[in-house]
>>> print(open('data-v4.tsv').read())   # TSV, C-alpha atoms
chain	number	residue	atom	x	y	z
H	94	MET	CA	-42.50	-60.06	210.32
H	95	THR	CA	-42.60	-59.23	206.59
H	96	GLU	CA	-45.10	-56.58	205.57
H	97	THR	CA	-47.63	-57.62	202.94
H	98	LEU	CA	-49.08	-55.36	200.28
H	99	GLN	CA	-52.66	-56.05	201.32
H	100	THR	CA	-51.94	-55.17	204.95
H	101	LEU	CA	-50.20	-51.96	203.92
H	102	LEU	CA	-53.00	-50.94	201.54
H	103	LYS	CA	-55.53	-51.40	204.33
H	104	GLU	CA	-53.41	-49.16	206.55
H	105	ILE	CA	-53.05	-46.52	203.82
H	106	ARG	CA	-56.78	-46.49	203.06
H	107	SER	CA	-57.57	-45.81	206.72
H	108	CYS	CA	-54.89	-43.08	207.03
H	109	THR	CA	-55.84	-39.83	208.77
H	110	ILE	CA	-52.34	-38.37	209.29
H	111	CYS	CA	-53.11	-35.05	207.60
H	112	ALA	CA	-56.86	-34.93	208.35
H	113	SER	CA	-56.56	-31.60	210.16
H	114	GLU	CA	-54.89	-30.06	207.07
H	115	LEU	CA	-57.54	-31.15	204.55
H	116	PRO	CA	-60.76	-29.28	203.71
H	117	HIS	CA	-62.69	-32.59	203.74
H	118	GLU	CA	-62.53	-36.10	205.19
H	119	PRO	CA	-59.46	-38.08	204.07
H	120	ARG	CA	-60.10	-40.51	201.22
H	121	PRO	CA	-56.83	-42.08	200.06
H	122	VAL	CA	-57.07	-43.10	196.39
H	123	LEU	CA	-54.55	-45.47	194.79
H	124	ILE	CA	-54.33	-48.80	192.98
H	125	ALA	CA	-51.54	-51.29	193.66
H	126	ASP	CA	-51.04	-54.99	192.96
H	127	GLN	CA	-47.88	-57.08	193.12
H	128	ARG	CA	-48.41	-58.21	189.51
H	129	ALA	CA	-48.35	-54.66	188.06
H	130	VAL	CA	-45.63	-53.93	185.50
H	131	ILE	CA	-46.35	-50.21	184.97
H	132	LEU	CA	-46.39	-47.51	187.64
H	133	VAL	CA	-48.36	-44.33	187.00
H	134	ALA	CA	-47.04	-41.80	189.53
H	135	GLY	CA	-48.92	-38.52	189.51
H	136	GLN	CA	-49.41	-35.71	191.97
H	137	ALA	CA	-52.67	-36.06	193.95
H	138	PRO	CA	-56.34	-36.80	193.29
H	139	GLY	CA	-58.54	-33.96	192.11
H	140	ARG	CA	-62.03	-33.19	193.38
H	141	LYS	CA	-63.81	-35.59	190.99
H	142	VAL	CA	-61.41	-38.41	191.88
H	143	HIS	CA	-61.99	-37.69	195.57
H	144	GLU	CA	-65.74	-37.95	195.01
H	145	THR	CA	-65.62	-41.18	192.96
H	146	GLY	CA	-62.64	-42.92	194.58
H	147	LEU	CA	-61.26	-43.88	191.14
H	148	PRO	CA	-57.86	-42.44	190.15
H	149	TRP	CA	-57.62	-40.35	186.98
H	150	ASN	CA	-61.42	-40.43	186.62
H	151	ASP	CA	-61.60	-36.96	185.10
H	152	ALA	CA	-60.60	-34.92	182.04
H	153	SER	CA	-56.92	-35.25	182.96
H	154	GLY	CA	-57.32	-39.02	183.02
H	155	ASP	CA	-58.99	-39.00	179.61
H	156	ARG	CA	-56.03	-37.13	178.16
H	157	LEU	CA	-53.51	-39.35	179.98
H	158	ARG	CA	-55.12	-42.51	178.62
H	159	GLY	CA	-54.96	-40.98	175.15
H	160	TRP	CA	-51.26	-40.23	175.63
H	161	LEU	CA	-50.65	-43.84	176.71
H	162	GLY	CA	-52.83	-45.35	173.97
H	163	LEU	CA	-55.02	-47.16	176.51
H	164	GLY	CA	-58.73	-47.59	177.01
H	165	ARG	CA	-60.31	-47.41	180.46
H	166	ASP	CA	-60.47	-51.20	180.98
H	167	GLU	CA	-56.77	-51.71	180.32
H	168	PHE	CA	-55.75	-48.60	182.27
H	169	TYR	CA	-57.66	-49.77	185.36
H	170	ASP	CA	-56.43	-53.39	185.20
H	171	ARG	CA	-54.71	-53.50	188.60
H	172	THR	CA	-52.81	-56.65	187.65
H	173	LYS	CA	-50.94	-54.59	185.04
H	174	ILE	CA	-50.94	-50.94	186.14
H	175	ALA	CA	-50.33	-49.51	189.61
H	176	ILE	CA	-51.50	-45.94	190.21
H	177	VAL	CA	-49.61	-44.39	193.13
H	178	PRO	CA	-49.75	-40.58	193.35
H	179	MET	CA	-47.46	-38.53	195.56
H	180	GLY	CA	-50.44	-37.58	197.72
H	181	PHE	CA	-53.27	-40.05	198.17
H	182	CYS	CA	-55.96	-37.55	199.19
H	183	PHE	CA	-57.37	-34.53	197.36
H	184	PRO	CA	-55.44	-31.62	198.91
H	185	GLY	CA	-58.09	-29.00	198.23
H	186	THR	CA	-58.25	-26.09	195.82
H	187	GLY	CA	-55.93	-23.10	195.90
H	188	PRO	CA	-55.95	-19.78	194.07
H	189	SER	CA	-54.68	-21.24	190.77
H	190	GLY	CA	-55.84	-24.86	190.84
H	191	ASP	CA	-55.47	-27.79	193.19
H	192	ARG	CA	-53.06	-27.44	196.09
H	193	PRO	CA	-49.80	-29.44	196.06
H	194	PRO	CA	-49.90	-33.03	197.33
H	195	ARG	CA	-49.53	-33.31	201.09
H	196	PRO	CA	-45.93	-34.31	201.88
H	197	GLU	CA	-46.98	-36.74	204.62
H	198	CYS	CA	-47.90	-39.41	202.06
H	199	SER	CA	-44.51	-39.78	200.43
H	200	ARG	CA	-42.69	-39.56	203.77
H	201	THR	CA	-44.96	-42.11	205.43
H	202	TRP	CA	-45.98	-44.56	202.72
H	203	HIS	CA	-43.94	-44.56	199.51
H	204	GLY	CA	-40.78	-46.09	200.97
H	205	ARG	CA	-42.86	-48.99	202.27
H	206	LEU	CA	-45.22	-49.36	199.30
H	207	LEU	CA	-42.98	-49.23	196.23
H	208	PRO	CA	-40.72	-52.15	197.27
H	209	LEU	CA	-43.87	-54.30	197.45
H	210	LEU	CA	-44.38	-53.83	193.69
H	211	PRO	CA	-41.52	-56.05	192.47
H	212	LYS	CA	-42.51	-56.46	188.80
H	213	LEU	CA	-42.52	-52.78	187.82
H	214	GLU	CA	-40.57	-52.28	184.62
H	215	LEU	CA	-41.96	-48.93	183.43
H	216	ARG	CA	-42.55	-45.80	185.53
H	217	ILE	CA	-44.64	-42.99	184.10
H	218	ILE	CA	-43.79	-39.94	186.21
H	219	ILE	CA	-46.33	-37.15	185.86
H	220	GLY	CA	-45.80	-33.59	187.03
H	221	SER	CA	-43.08	-31.81	188.96
H	222	PHE	CA	-43.85	-33.23	192.42
H	223	ALA	CA	-43.64	-36.84	191.21
H	224	GLN	CA	-40.53	-36.06	189.20
H	225	ALA	CA	-38.80	-34.51	192.23
H	226	TYR	CA	-39.38	-37.77	194.10
H	227	HIS	CA	-38.80	-40.41	191.42
H	228	LEU	CA	-36.11	-38.95	189.16
H	229	PRO	CA	-32.41	-38.49	189.94
H	230	ARG	CA	-31.68	-35.00	191.29
H	231	ARG	CA	-30.18	-32.66	188.72
H	232	ALA	CA	-29.16	-29.08	189.34
H	233	ASP	CA	-30.99	-27.83	186.24
H	234	SER	CA	-34.17	-29.87	186.70
H	235	THR	CA	-37.45	-28.31	185.70
H	236	LEU	CA	-40.50	-30.15	184.47
H	237	THR	CA	-39.82	-29.09	180.87
H	238	ARG	CA	-36.15	-30.13	181.05
H	239	ASN	CA	-37.09	-33.47	182.57
H	240	VAL	CA	-39.65	-34.19	179.86
H	241	ALA	CA	-37.28	-33.01	177.11
H	242	ALA	CA	-34.61	-35.39	178.49
H	243	TRP	CA	-36.96	-38.38	178.22
H	244	ARG	CA	-34.37	-40.38	176.22
H	245	GLU	CA	-32.06	-40.33	179.27
H	246	TYR	CA	-34.74	-42.10	181.34
H	247	ALA	CA	-36.35	-44.39	178.75
H	248	PRO	CA	-37.23	-47.17	178.36
H	249	GLY	CA	-37.75	-47.74	182.10
H	250	CYS	CA	-39.12	-44.30	182.88
H	251	PHE	CA	-40.98	-41.52	181.09
H	252	PRO	CA	-41.35	-38.09	182.74
H	253	LEU	CA	-44.51	-36.35	181.52
H	254	PRO	CA	-46.23	-33.01	182.07
H	255	HIS	CA	-49.55	-33.10	183.86
H	256	PRO	CA	-52.34	-33.87	181.37
H	257	SER	CA	-54.65	-31.29	182.96
H	258	PRO	CA	-56.73	-29.10	180.64
H	259	ARG	CA	-54.96	-26.22	182.45
H	260	ASN	CA	-51.73	-27.27	180.70
H	261	GLN	CA	-52.89	-26.27	177.21
H	262	LEU	CA	-50.36	-23.41	177.10
H	263	TRP	CA	-47.45	-25.76	177.93
H	264	LEU	CA	-48.54	-28.17	175.21
H	265	ARG	CA	-48.80	-25.34	172.65
H	266	ARG	CA	-45.34	-24.06	173.59
H	267	ASN	CA	-43.79	-27.53	173.44
H	268	PRO	CA	-45.13	-29.22	170.27
H	269	TRP	CA	-42.16	-31.63	170.32
H	270	PHE	CA	-43.82	-33.42	173.25
H	271	GLU	CA	-46.69	-34.93	171.26
H	272	ARG	CA	-44.52	-35.43	168.17
H	273	ASP	CA	-41.38	-36.92	169.77
H	274	VAL	CA	-42.37	-38.36	173.16
H	275	LEU	CA	-45.83	-39.87	172.73
H	276	PRO	CA	-45.06	-42.41	169.97
H	277	PRO	CA	-42.18	-44.10	171.87
H	278	LEU	CA	-44.16	-43.84	175.11
H	279	ARG	CA	-47.12	-45.69	173.58
H	280	ALA	CA	-44.84	-48.33	172.08
H	281	THR	CA	-43.10	-48.87	175.43
H	282	VAL	CA	-46.42	-49.14	177.28
H	283	ARG	CA	-47.68	-51.68	174.74
H	284	ARG	CA	-44.53	-53.81	174.99
H	285	ALA	CA	-44.70	-53.88	178.79
H	286	LEU	CA	-48.38	-54.88	178.76
H	287	ASP	CA	-47.90	-57.49	176.04
H	288	ARG	CA	-45.06	-59.13	177.98
H	289	CYS	CA	-47.22	-59.56	181.07
H	290	GLY	CA	-50.02	-61.16	179.06
>>> encode(input="data-v4.tsv", output="structure tokens")
Amino acid sequence: MTETLQTLLKEIRSCTICASELPHEPRPVLIADQRAVILVAGQAPGRKVHETGLPWNDASGDRLRGWLGLGRDEFYDRTKIAIVPMGFCFPGTGPSGDRPPRPECSRTWHGRLLPLLPKLELRIIIGSFAQAYHLPRRADSTLTRNVAAWREYAPGCFPLPHPSPRNQLWLRRNPWFERDVLPPLRATVRRALDRCG
């Protein structure tokens, strides 16, 4: 029997695989539709996203939408944009920010979910955990090297740093990111959305 996206999403949203490892009840947060042409692959929901159930519904999301040149309505149009983080539940807070995404999600769900999104033509890969999963393995890979090598991945993929307010230092140290990466990223996002109507 062929698995359907709706059946799989129902299964994911009721997942409790790592419940004993979380500091709260599981609340998987993602958006996926077979019509989506853009994938936003981040790390894991933060506390505010966990509370609201809406991905990127925080200061990081505001900055990300600015980077992409999108308003909230367009960003949350599930028929155009799928939002599939590496971890679907808020992993809790550690000593220097949110904990890493739980590995159970990618091992259990991603290999089944991503093939059910057949129209994806642009992948926006945010942060080191998503890049380790989605990008080809390179011996010298670091987040900064991946983002600096964006031309090697474009136009089908753009590796980005995390848009968290905690990343101000990275942005100050790498002014080429906003100057060189964001204009072609916005143009590529717009072309993909315009093609799908």
>>> atom_distance(input="data-v4.tsv", atom1="CA of His203 (chain H)", atom2="CA of Ala112 (chain H)")
18.4 Å
>>> residues_around(input="data-v4.tsv", residues="region 170-183 of chain H", least_positions_apart="4", cutoff="7 Å", atoms="all atoms listed in the file", output="JSON, numbers by chain")
{"H": [119, 120, 121, 122, 123, 124, 125, 126, 128, 129, 130, 131, 132, 133, 134, 135, 136, 137, 138, 139, 140, 143, 166, 194, 195, 196, 198, 199, 223, 286]}
>>> closest_atom_pairs(input="data-v4.tsv", of="region 183-245 of chain H", to="region 271-281 of chain H", cutoff="9 Å", atoms="all atoms listed in the file", output="JSON lines")
{"residue": "H:Leu215", "atom": "CA", "partner": "H:Thr281", "partner_atom": "CA", "distance": 8.1}
{"residue": "H:Val240", "atom": "CA", "partner": "H:Val274", "partner_atom": "CA", "distance": 8.3}
{"residue": "H:Ala241", "atom": "CA", "partner": "H:Val274", "partner_atom": "CA", "distance": 8.4}
{"residue": "H:Trp243", "atom": "CA", "partner": "H:Val274", "partner_atom": "CA", "distance": 7.4}
{"residue": "H:Arg244", "atom": "CA", "partner": "H:Val274", "partner_atom": "CA", "distance": 8.8}
>>> write_last_selection(input="data-v4.tsv", atoms="C-alpha atoms", output="CSV table (one decimal), in the frame of the given file")
chain,number,residue,atom,x,y,z
H,215,LEU,CA,-42.0,-48.9,183.4
H,240,VAL,CA,-39.6,-34.2,179.9
H,241,ALA,CA,-37.3,-33.0,177.1
H,243,TRP,CA,-37.0,-38.4,178.2
H,244,ARG,CA,-34.4,-40.4,176.2
>>> atom_distance(input="data-v4.tsv", atom1="CA of Val142 (chain H)", atom2="CA of Trp263 (chain H)")
23.4 Å
>>> residues_around(input="data-v4.tsv", residues="Leu228 (chain H)", least_positions_apart="5", cutoff="9 Å", atoms="all atoms listed in the file", output="list in words")
Ile218, Ala223, Asn239, Tyr246, Cys250 and Pro252 of chain H
>>> atom_distance(input="data-v4.tsv", atom1="CA of Glu114 (chain H)", atom2="CA of Gly146 (chain H)")
19.5 Å
>>> closest_residue(input="data-v4.tsv", among="H:Gly159, H:Pro229, H:Pro208, H:Pro254", to="Leu101 (chain H)", atoms="all atoms listed in the file")
H:Pro208
>>> decode(input="data-v4.tsv", residues="region 129-183 of chain H", atoms="C-alpha atoms", output="short mmCIF file (atom, residue, chain, number, x, y, z; two decimals), in the first residue's frame")
data_model
loop_
_atom_site.label_atom_id
_atom_site.label_comp_id
_atom_site.auth_asym_id
_atom_site.auth_seq_id
_atom_site.Cartn_x
_atom_site.Cartn_y
_atom_site.Cartn_z
CA ALA H 129 4.82 23.04 -2.18
CA VAL H 130 7.73 24.18 -4.37
CA ILE H 131 10.00 25.53 -1.61
CA LEU H 132 11.30 23.60 1.39
CA VAL H 133 12.39 25.53 4.48
CA ALA H 134 14.50 23.09 6.50
CA GLY H 135 15.58 24.46 9.86
CA GLN H 136 16.71 22.94 13.12
CA ALA H 137 13.84 22.61 15.64
CA PRO H 138 11.00 24.73 17.02
CA GLY H 139 11.81 27.18 19.79
CA ARG H 140 9.74 27.75 22.91
CA LYS H 141 7.38 30.30 21.31
CA VAL H 142 6.78 28.02 18.32
CA HIS H 143 6.09 25.13 20.71
CA GLU H 144 3.52 27.28 22.51
CA THR H 145 1.76 28.54 19.36
CA GLY H 146 2.16 25.51 17.08
CA LEU H 147 3.16 27.77 14.16
CA PRO H 148 6.68 27.32 12.72
CA TRP H 149 9.02 30.32 12.69
CA ASN H 150 6.50 32.34 14.72
CA ASP H 151 9.18 34.28 16.58
CA ALA H 152 11.97 36.84 16.11
CA SER H 153 14.00 34.31 14.09
CA GLY H 154 11.04 33.87 11.75
CA ASP H 155 10.68 37.63 11.32
CA ARG H 156 14.31 37.86 10.24
CA LEU H 157 14.03 34.78 8.00
CA ARG H 158 10.99 36.23 6.20
CA GLY H 159 12.96 39.44 5.70
CA TRP H 160 15.86 37.47 4.23
CA LEU H 161 13.47 35.70 1.84
CA GLY H 162 11.55 38.86 0.94
CA LEU H 163 8.23 37.33 2.06
CA GLY H 164 5.33 38.50 4.17
CA ARG H 165 3.64 36.21 6.67
CA ASP H 166 0.73 35.25 4.38
CA GLU H 167 2.99 34.08 1.57
CA PHE H 168 5.45 32.38 3.93
CA TYR H 169 2.66 30.35 5.54
CA ASP H 170 0.95 29.39 2.26
CA ARG H 171 1.28 25.61 2.60
CA THR H 172 0.52 25.11 -1.09
CA LYS H 173 3.80 26.87 -1.88
CA ILE H 174 6.15 26.46 1.09
CA ALA H 175 6.82 23.34 3.18
CA ILE H 176 8.43 23.88 6.57
CA VAL H 177 10.15 20.70 7.75
CA PRO H 178 12.71 21.14 10.55
CA MET H 179 15.21 18.48 11.54
CA GLY H 180 13.42 18.06 14.86
CA PHE H 181 9.67 18.56 15.02
CA CYS H 182 9.42 19.26 18.76
CA PHE H 183 11.02 21.95 20.91
#
